[in-house]
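Okay, upload_7.txt now, which holds compact mmCIF, C-alpha atoms:
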```
# COMPACT_ATOMS: atom_id res chain seq x y z
CA MET A 456 70.12 54.01 16.11
CA LYS A 457 71.43 52.11 19.05
CA ARG A 458 70.76 55.13 21.25
CA LEU A 459 67.17 55.43 20.13
CA ALA A 460 66.43 51.80 20.92
CA ALA A 461 67.69 52.28 24.42
CA ARG A 462 64.95 54.76 25.15
CA PRO A 463 61.90 52.47 25.11
CA LEU A 464 63.96 50.01 27.13
CA LEU A 465 64.62 52.64 29.77
CA ALA A 466 60.94 53.55 29.84
CA LEU A 467 60.05 49.90 30.29
CA LEU A 468 62.54 49.56 33.13
CA ALA A 469 61.11 52.64 34.78
CA ALA A 470 57.59 51.22 34.49
CA LEU A 471 58.72 47.95 36.04
CA ALA A 472 60.24 49.83 38.92
CA LEU A 473 56.94 51.59 39.66
CA PRO A 474 55.14 48.84 41.62
CA ALA A 475 58.00 48.76 44.12
CA HIS A 476 57.61 52.49 44.50
CA ALA A 477 53.88 52.14 45.18
CA ASP A 478 54.79 49.94 48.16
CA ASN A 479 56.46 52.81 49.92
CA TYR A 480 54.37 53.97 52.87
CA GLY A 481 56.33 57.04 53.80
CA VAL A 482 54.45 59.15 56.32
CA PRO A 483 53.84 62.72 55.10
CA LYS A 484 55.33 65.38 57.38
CA ASN A 485 52.98 66.67 60.05
CA ALA A 486 54.20 68.14 63.32
CA ALA A 487 51.07 67.43 65.38
CA PHE A 488 50.91 63.80 64.22
CA GLU A 489 54.58 63.29 64.99
CA GLU A 490 54.30 64.74 68.43
CA GLU A 491 51.08 63.02 69.46
CA CYS A 492 51.14 59.70 67.62
CA THR A 493 54.74 58.50 67.76
CA SER A 494 55.67 58.63 71.44
CA CYS A 495 54.22 55.22 72.34
CA HIS A 496 54.89 53.46 69.04
CA MET A 497 56.21 54.07 65.53
CA ALA A 498 54.23 56.18 63.07
CA TYR A 499 51.61 53.94 61.46
CA PRO A 500 51.14 55.08 57.86
CA PRO A 501 47.87 56.99 57.25
CA GLN A 502 47.68 55.17 53.89
CA MET A 503 47.07 51.85 55.64
CA LEU A 504 43.63 52.64 57.07
CA HIS A 505 40.37 53.84 55.57
CA ALA A 506 39.18 57.36 56.48
CA ASP A 507 36.28 55.83 58.48
CA SER A 508 38.77 53.80 60.54
CA TRP A 509 40.81 56.89 61.39
CA ARG A 510 37.68 58.86 62.32
CA ALA A 511 36.53 56.07 64.61
CA MET A 512 39.98 55.80 66.23
CA MET A 513 40.27 59.54 66.72
CA ASN A 514 36.86 59.53 68.45
CA GLY A 515 38.04 57.14 71.13
CA LEU A 516 41.55 58.22 72.11
CA SER A 517 40.94 58.07 75.86
CA LYS A 518 40.49 54.28 75.46
CA HIS A 519 43.08 53.59 72.75
CA PHE A 520 43.91 49.85 72.73
CA GLY A 521 44.10 49.84 76.52
CA SER A 522 45.98 53.15 76.80
CA ASP A 523 44.89 56.69 77.50
CA ALA A 524 46.04 58.67 74.43
CA SER A 525 43.64 61.60 74.92
CA ILE A 526 44.58 65.01 73.48
CA ASP A 527 43.05 68.47 73.35
CA GLU A 528 40.21 69.09 70.92
CA LYS A 529 42.14 71.40 68.59
CA ARG A 530 44.89 68.86 68.03
CA ARG A 531 42.42 66.03 67.74
CA THR A 532 40.60 67.77 64.87
CA ALA A 533 43.85 68.74 63.12
CA ILE A 534 45.29 65.22 63.28
CA THR A 535 41.98 63.68 62.14
CA ASP A 536 42.02 65.97 59.09
CA PHE A 537 45.61 64.98 58.31
CA LEU A 538 44.90 61.24 58.61
CA VAL A 539 41.73 61.42 56.54
CA ALA A 540 43.47 63.43 53.81
CA HIS A 541 46.14 60.72 53.43
CA SER A 542 44.00 57.69 54.23
CA GLY A 543 43.99 54.54 52.15
CA GLY A 544 41.88 53.80 49.11
CA ARG A 545 40.37 50.75 47.49
CA LYS A 546 43.56 48.74 47.05
CA THR A 547 45.66 49.39 50.10
CA GLY A 548 43.41 50.80 52.70
CA ASP A 549 39.78 49.78 52.63
CA THR A 550 39.79 48.67 56.21
CA ARG A 551 36.07 48.20 56.68
CA ASP A 552 34.65 44.77 57.37
CA ALA A 553 31.91 43.03 55.36
CA GLN A 554 29.27 45.15 57.13
CA CYS A 555 31.20 48.32 56.28
CA LYS A 556 32.08 48.75 59.95
CA PRO A 557 35.55 50.34 60.20
CA LEU A 558 38.28 48.13 61.69
CA LEU A 559 40.66 50.00 63.98
CA ARG A 560 43.79 47.91 63.61
CA ILE A 561 45.88 47.60 60.46
CA SER A 562 46.90 44.22 61.87
CA GLU A 563 43.33 42.89 61.88
CA THR A 564 42.57 43.65 58.25
CA GLU A 565 42.22 41.01 55.56
CA ARG A 566 45.04 42.56 53.56
CA PHE A 567 47.38 42.28 56.54
CA ALA A 568 46.44 38.61 57.06
CA LYS A 569 47.10 37.90 53.39
CA LYS A 570 50.54 39.54 53.41
CA HIS A 571 51.48 37.69 56.60
CA ARG A 572 49.82 34.32 56.05
CA GLU A 573 53.16 32.50 56.40
CA ILE A 574 53.71 33.69 59.94
CA SER A 575 52.49 31.26 62.61
CA ALA A 576 50.61 32.17 65.79
CA ALA A 577 53.64 31.07 67.82
CA THR A 578 55.92 33.45 65.89
CA TRP A 579 53.68 36.45 66.62
CA LYS A 580 54.01 35.69 70.35
CA ARG A 581 57.83 35.58 70.45
CA ALA A 582 59.28 37.88 73.11
CA ALA A 583 61.11 39.97 70.51
CA ILE A 584 57.87 40.50 68.56
CA LYS A 585 55.09 40.54 71.18
CA SER A 586 52.31 41.65 68.86
CA PRO A 587 51.48 41.92 65.14
CA ALA A 588 51.21 45.67 65.80
CA ASN A 589 54.97 45.74 66.40
CA CYS A 590 55.87 46.28 62.73
CA THR A 591 59.42 47.44 63.50
CA ALA A 592 60.28 44.08 65.08
CA CYS A 593 60.44 42.56 61.57
CA HIS A 594 60.39 45.54 59.22
CA ALA A 595 63.54 47.36 60.28
CA GLN A 596 62.72 50.31 58.02
CA ALA A 597 59.02 50.53 58.96
CA ALA A 598 59.35 53.93 60.62
CA ALA A 599 60.58 55.25 57.26
CA GLY A 600 57.62 53.69 55.45
CA ASN A 601 59.56 50.81 53.91
CA TYR A 602 57.93 47.38 54.22
CA SER A 603 59.57 45.74 51.22
CA ASP A 604 60.69 42.13 51.50
CA HIS A 605 64.35 43.22 51.23
CA SER A 606 64.30 44.67 54.72
CA VAL A 607 62.21 41.99 56.44
CA ASN A 608 63.88 39.97 59.16
CA ILE A 609 61.87 37.88 61.62
CA PRO A 610 63.67 37.87 65.01
CA ARG A 611 64.13 34.53 66.81
CA MET B 1188 47.00 99.08 91.34
CA ARG B 1189 44.77 96.64 89.52
CA HIS B 1190 46.69 97.30 86.28
CA ILE B 1191 49.94 96.45 87.92
CA LEU B 1192 48.46 93.19 89.12
CA ILE B 1193 47.29 92.31 85.63
CA ILE B 1194 50.71 93.11 84.18
CA ALA B 1195 52.38 91.05 86.87
CA ALA B 1196 50.01 88.16 86.19
CA THR B 1197 50.73 88.32 82.46
CA LEU B 1198 54.45 88.38 83.05
CA PHE B 1199 54.12 85.42 85.36
CA ALA B 1200 52.12 83.44 82.78
CA ALA B 1201 54.69 84.22 80.09
CA SER B 1202 57.63 83.20 82.23
CA ALA B 1203 55.76 80.04 83.26
CA GLN B 1204 56.25 78.65 79.78
CA ALA B 1205 59.90 77.80 80.20
CA GLU B 1206 59.90 76.02 83.52
CA THR B 1207 62.38 73.93 85.42
CA PRO B 1208 61.74 70.68 87.31
CA ARG B 1209 62.01 72.67 90.58
CA ASP B 1210 59.16 74.93 89.43
CA PHE B 1211 56.92 71.89 89.02
CA LEU B 1212 57.92 70.58 92.43
CA THR B 1213 57.01 73.95 93.97
CA ARG B 1214 53.75 74.13 92.05
CA PHE B 1215 52.55 70.67 93.11
CA GLU B 1216 53.68 71.16 96.73
CA LYS B 1217 51.69 74.39 96.82
CA GLU B 1218 48.64 72.66 95.33
CA ALA B 1219 48.95 69.82 97.84
CA GLY B 1220 49.55 72.20 100.73
CA ALA B 1221 52.37 69.98 102.01
CA VAL B 1222 56.04 69.31 101.32
CA ALA B 1223 57.04 66.37 99.15
CA SER B 1224 58.52 63.12 100.40
CA VAL B 1225 61.35 61.53 98.39
CA GLU B 1226 60.76 58.17 100.05
CA ARG B 1227 57.03 58.18 99.29
CA GLY B 1228 57.81 59.13 95.68
CA ALA B 1229 60.19 56.20 95.25
CA ARG B 1230 57.63 53.78 96.64
CA PHE B 1231 54.79 55.20 94.56
CA PHE B 1232 56.83 54.93 91.38
CA ALA B 1233 57.70 51.25 91.85
CA THR B 1234 54.37 49.93 93.16
CA LYS B 1235 51.48 48.52 91.15
CA GLN B 1236 48.19 49.76 92.50
CA GLY B 1237 45.54 47.42 91.26
CA GLY B 1238 46.44 47.74 87.58
CA GLU B 1239 48.78 45.86 85.28
CA TRP B 1240 51.52 48.49 85.43
CA SER B 1241 53.52 50.68 87.80
CA CYS B 1242 55.39 53.77 86.60
CA ALA B 1243 58.55 51.62 86.61
CA SER B 1244 57.00 49.19 84.09
CA CYS B 1245 57.81 51.68 81.33
CA HIS B 1246 60.31 54.07 82.94
CA THR B 1247 62.31 51.34 84.81
CA ASP B 1248 63.01 51.52 88.56
CA ARG B 1249 66.14 53.53 87.79
CA PRO B 1250 64.83 56.30 85.49
CA THR B 1251 68.27 57.77 84.79
CA GLN B 1252 68.36 55.02 82.16
CA ALA B 1253 66.15 54.71 79.09
CA GLY B 1254 62.83 52.93 79.45
CA LEU B 1255 60.76 50.66 77.26
CA HIS B 1256 57.01 50.92 76.66
CA ALA B 1257 55.59 47.83 78.41
CA LYS B 1258 53.06 47.13 75.66
CA THR B 1259 54.68 48.28 72.42
CA GLY B 1260 58.38 47.90 73.27
CA LYS B 1261 59.21 51.40 72.01
CA ALA B 1262 62.22 53.08 73.64
CA ILE B 1263 61.51 55.95 76.05
CA THR B 1264 64.23 58.45 76.89
CA PRO B 1265 65.15 58.73 80.64
CA LEU B 1266 62.61 60.42 82.89
CA ALA B 1267 65.07 61.75 85.48
CA PRO B 1268 66.07 65.37 84.76
CA ALA B 1269 69.74 64.62 85.56
CA ALA B 1270 69.83 62.29 82.55
CA ASN B 1271 67.46 64.19 80.26
CA ALA B 1272 67.39 67.99 80.29
CA GLU B 1273 64.08 68.15 78.42
CA ARG B 1274 62.11 66.57 81.26
CA PHE B 1275 59.79 68.76 83.33
CA THR B 1276 60.31 71.91 81.28
CA ASP B 1277 56.94 72.16 79.47
CA ALA B 1278 53.72 72.41 81.48
CA ALA B 1279 51.44 71.14 78.71
CA LYS B 1280 53.58 68.05 78.29
CA VAL B 1281 53.90 67.35 82.00
CA ASP B 1282 50.16 67.72 82.60
CA LYS B 1283 49.27 65.61 79.56
CA TRP B 1284 51.49 62.68 80.52
CA PHE B 1285 50.59 62.73 84.21
CA ARG B 1286 46.94 62.58 83.13
CA ARG B 1287 47.46 59.69 80.70
CA ASN B 1288 49.96 57.63 82.67
CA CYS B 1289 48.18 57.97 86.02
CA ASN B 1290 44.98 56.89 84.29
CA ASP B 1291 46.72 53.85 82.79
CA THR B 1292 48.45 52.78 85.98
CA LEU B 1293 45.95 53.82 88.69
CA ASN B 1294 42.67 54.23 86.82
CA ARG B 1295 42.43 57.73 88.25
CA VAL B 1296 44.29 61.03 88.19
CA CYS B 1297 47.32 61.43 90.48
CA SER B 1298 46.97 63.81 93.42
CA ALA B 1299 49.17 66.90 93.62
CA GLN B 1300 50.94 65.23 96.54
CA GLU B 1301 51.77 62.14 94.47
CA LYS B 1302 53.12 64.28 91.61
CA ALA B 1303 55.25 66.34 94.00
CA ASP B 1304 56.61 63.17 95.63
CA VAL B 1305 57.56 61.62 92.28
CA ILE B 1306 59.36 64.75 91.08
CA ALA B 1307 61.16 65.11 94.42
CA TRP B 1308 62.43 61.54 94.10
CA LEU B 1309 63.40 61.94 90.42
CA LEU B 1310 65.43 65.03 91.37
CA THR B 1311 67.53 62.99 93.80
CA LEU B 1312 68.65 60.60 91.03
CA LYS B 1313 72.09 61.34 89.63
```
Go through the file and emit its structure as structure tokens.
Amino acid sequence: MKRLAARPLLALLAALALPAHADNYGVPKNAAFEEECTSCHMAYPPQMLHADSWRAMMNGLSKHFGSDASIDEKRRTAITDFLVAHSGGRKTGDTRDAQCKPLLRISETERFAKKHREISAATWKRAAIKSPANCTACHAQAAAGNYSDHSVNIPR
Amino acid sequence: MRHILIIAATLFAASAQAETPRDFLTRFEKEAGAVASVERGARFFATKQGGEWSCASCHTDRPTQAGLHAKTGKAITPLAPAANAERFTDAAKVDKWFRRNCNDTLNRVCSAQEKADVIAWLLTLK
């Protein structure tokens, strides 16, 4: 009897653990993405932008946030397909503005602002942080897709 | 005769895939039609030319050590072949990064002479 009662409890515990799991933004394996999109910065999770945002970004790589990130056409198409296939949905990744225009930065989305509303403008500018795009400065496990509050540490 | 030439050309293309830094130096010197200058390479690497960055902004002025991306802060492994055996061994990679980085620092492509000079200087670093 005791054993049987433990079962629903375990199921409940498992269900409670799920939301934490849904916060994991592990980047799916893809050789072309790794080679072309992680040499200048960490791998930004495909899940964090809408498919339209990725398409727009991938159409302007020669002027990529002030850097030339241009690649050959074959790779460009392959990486676009990969990003679109894993792009974000309604809850985590609808990164279009009110006019449905795709935003290009994760760090300029409403969701990002909401999650980081406690961080002041002065903090973002600290030398050890430099830019909101520098996720790894505060999320030590960001490259592994872990943004949970357990691993957050804002450098001085 | 023509067949032999084609075979030779194919062999050359195949062997060109695994290159050494010296091969790139030779290739760019040939393209430039002049020998490289170590001194010019050192100066070129450290000097801003109108833009926000010089090569040293990300690769440091002593590229036997690791660099740091000037905008994102990401670590970059050393550029000098003596400190990093993977450097200047893959033509696609070398061409791609010269294209991007020259564009970012100079707003134009680098000339063959400039590329030869930089490699010549990097090869002197121990």
>> Using all atoms listed in the file, I'd like every residue of chain A that has an atom within 9 Å of chain B; please write them out as a VMD selection string.
In response: chain A and resid 494 to 497 517 521 to 526 583 to 586 588 to 589
Return as JSON the box centre and box size in Å, one decimal, for an axis-aligned box around all listed atoms of region 1278-1283 of chain B padded by 5 Å per side.
```
{"center_x": 51.6, "center_y": 69.0, "center_z": 80.4, "size_x": 14.6, "size_y": 16.8, "size_z": 14.3}
```
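With only C-alpha atoms as the atoms that count, the residue of A:His505, A:Lys518, A:His605, A:His594 with the shortest distance to Asp549 (chain A) is A:His505.
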>> With 9 Å as the threshold, what does the neighbourhood of (62.1, 36.4, 60.6) contain in terms of residues, counting all atoms listed in the file? Coordinates are those of the file; answer as a list of chain:residue names.
In response: A:Ile574, A:Thr578, A:Cys593, A:Val607, A:Asn608, A:Ile609, A:Pro610, A:Arg611
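The nearest approach to Glu1206 (chain B) among the residues B:Leu1293, B:Val1222, B:Ala1272, B:Ala1307, with only C-alpha atoms taken into account, belongs to B:Ala1272.
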>> (49.0, 43.5, 57.9) in this file's frame - what residues fall within 12 Å of it? Use all atoms listed in the file and give the answer as a PyMOL selection string.
In response: chain A and resi 499-500+503-504+547-548+550+560-574+586-590+594+602
Do a neighbour search on Lys1313 (chain B) at 8 Å with all atoms listed in the file, toss out local chain neighbours closer than 5 positions, and write the hits as a PDB file with C-alpha atoms, in the frame of the given file.
```pdb
ATOM      1  CA  THR B1251      68.270  57.770  84.790  1.00  0.00           C
ATOM      2  CA  ALA B1269      69.740  64.620  85.560  1.00  0.00           C
ATOM      3  CA  ALA B1270      69.830  62.290  82.550  1.00  0.00           C
TER       4      ALA B1270
END
```
>> I want to know what sits within 12 Å of Ala540 (chain A), based on all atoms listed in the file, with residues of the same chain fewer than 2 positions away left out; could you give that as a list in words?
In response: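 Neighbouring residues, sequence-local ones excluded: Pro483, Asn485, Pro501, Gln502, Leu504, His505, Ala506, Asp507, Trp509, Arg510, Ala533, Ile534, Thr535, Asp536, Phe537, Leu538, Ser542, Gly543 and Gly544 of chain A.
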> Expressed in Å to a single decimal, how great is the separation between CA of Arg1274 (chain B) and CA of Thr1207 (chain B)?
Replying inline: 8.5 Å
> Near region 1241-1246 of chain B, within 8 Å and counting all atoms listed in the file, which residues show up once chain neighbours fewer than 2 positions away are dropped, as an MDAnalysis selection string?
Replying inline: chainID B and resid 1232:1236 1238:1239 1248:1250 1253:1257 1263 1265:1266 1288 1292
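The interatomic distance for the pair CA of Lys1302 (chain B) and CA of Phe1285 (chain B) works out to 8.0 Å.
CA of Ala592 (chain A) sits 24.5 Å away from CA of Leu516 (chain A).
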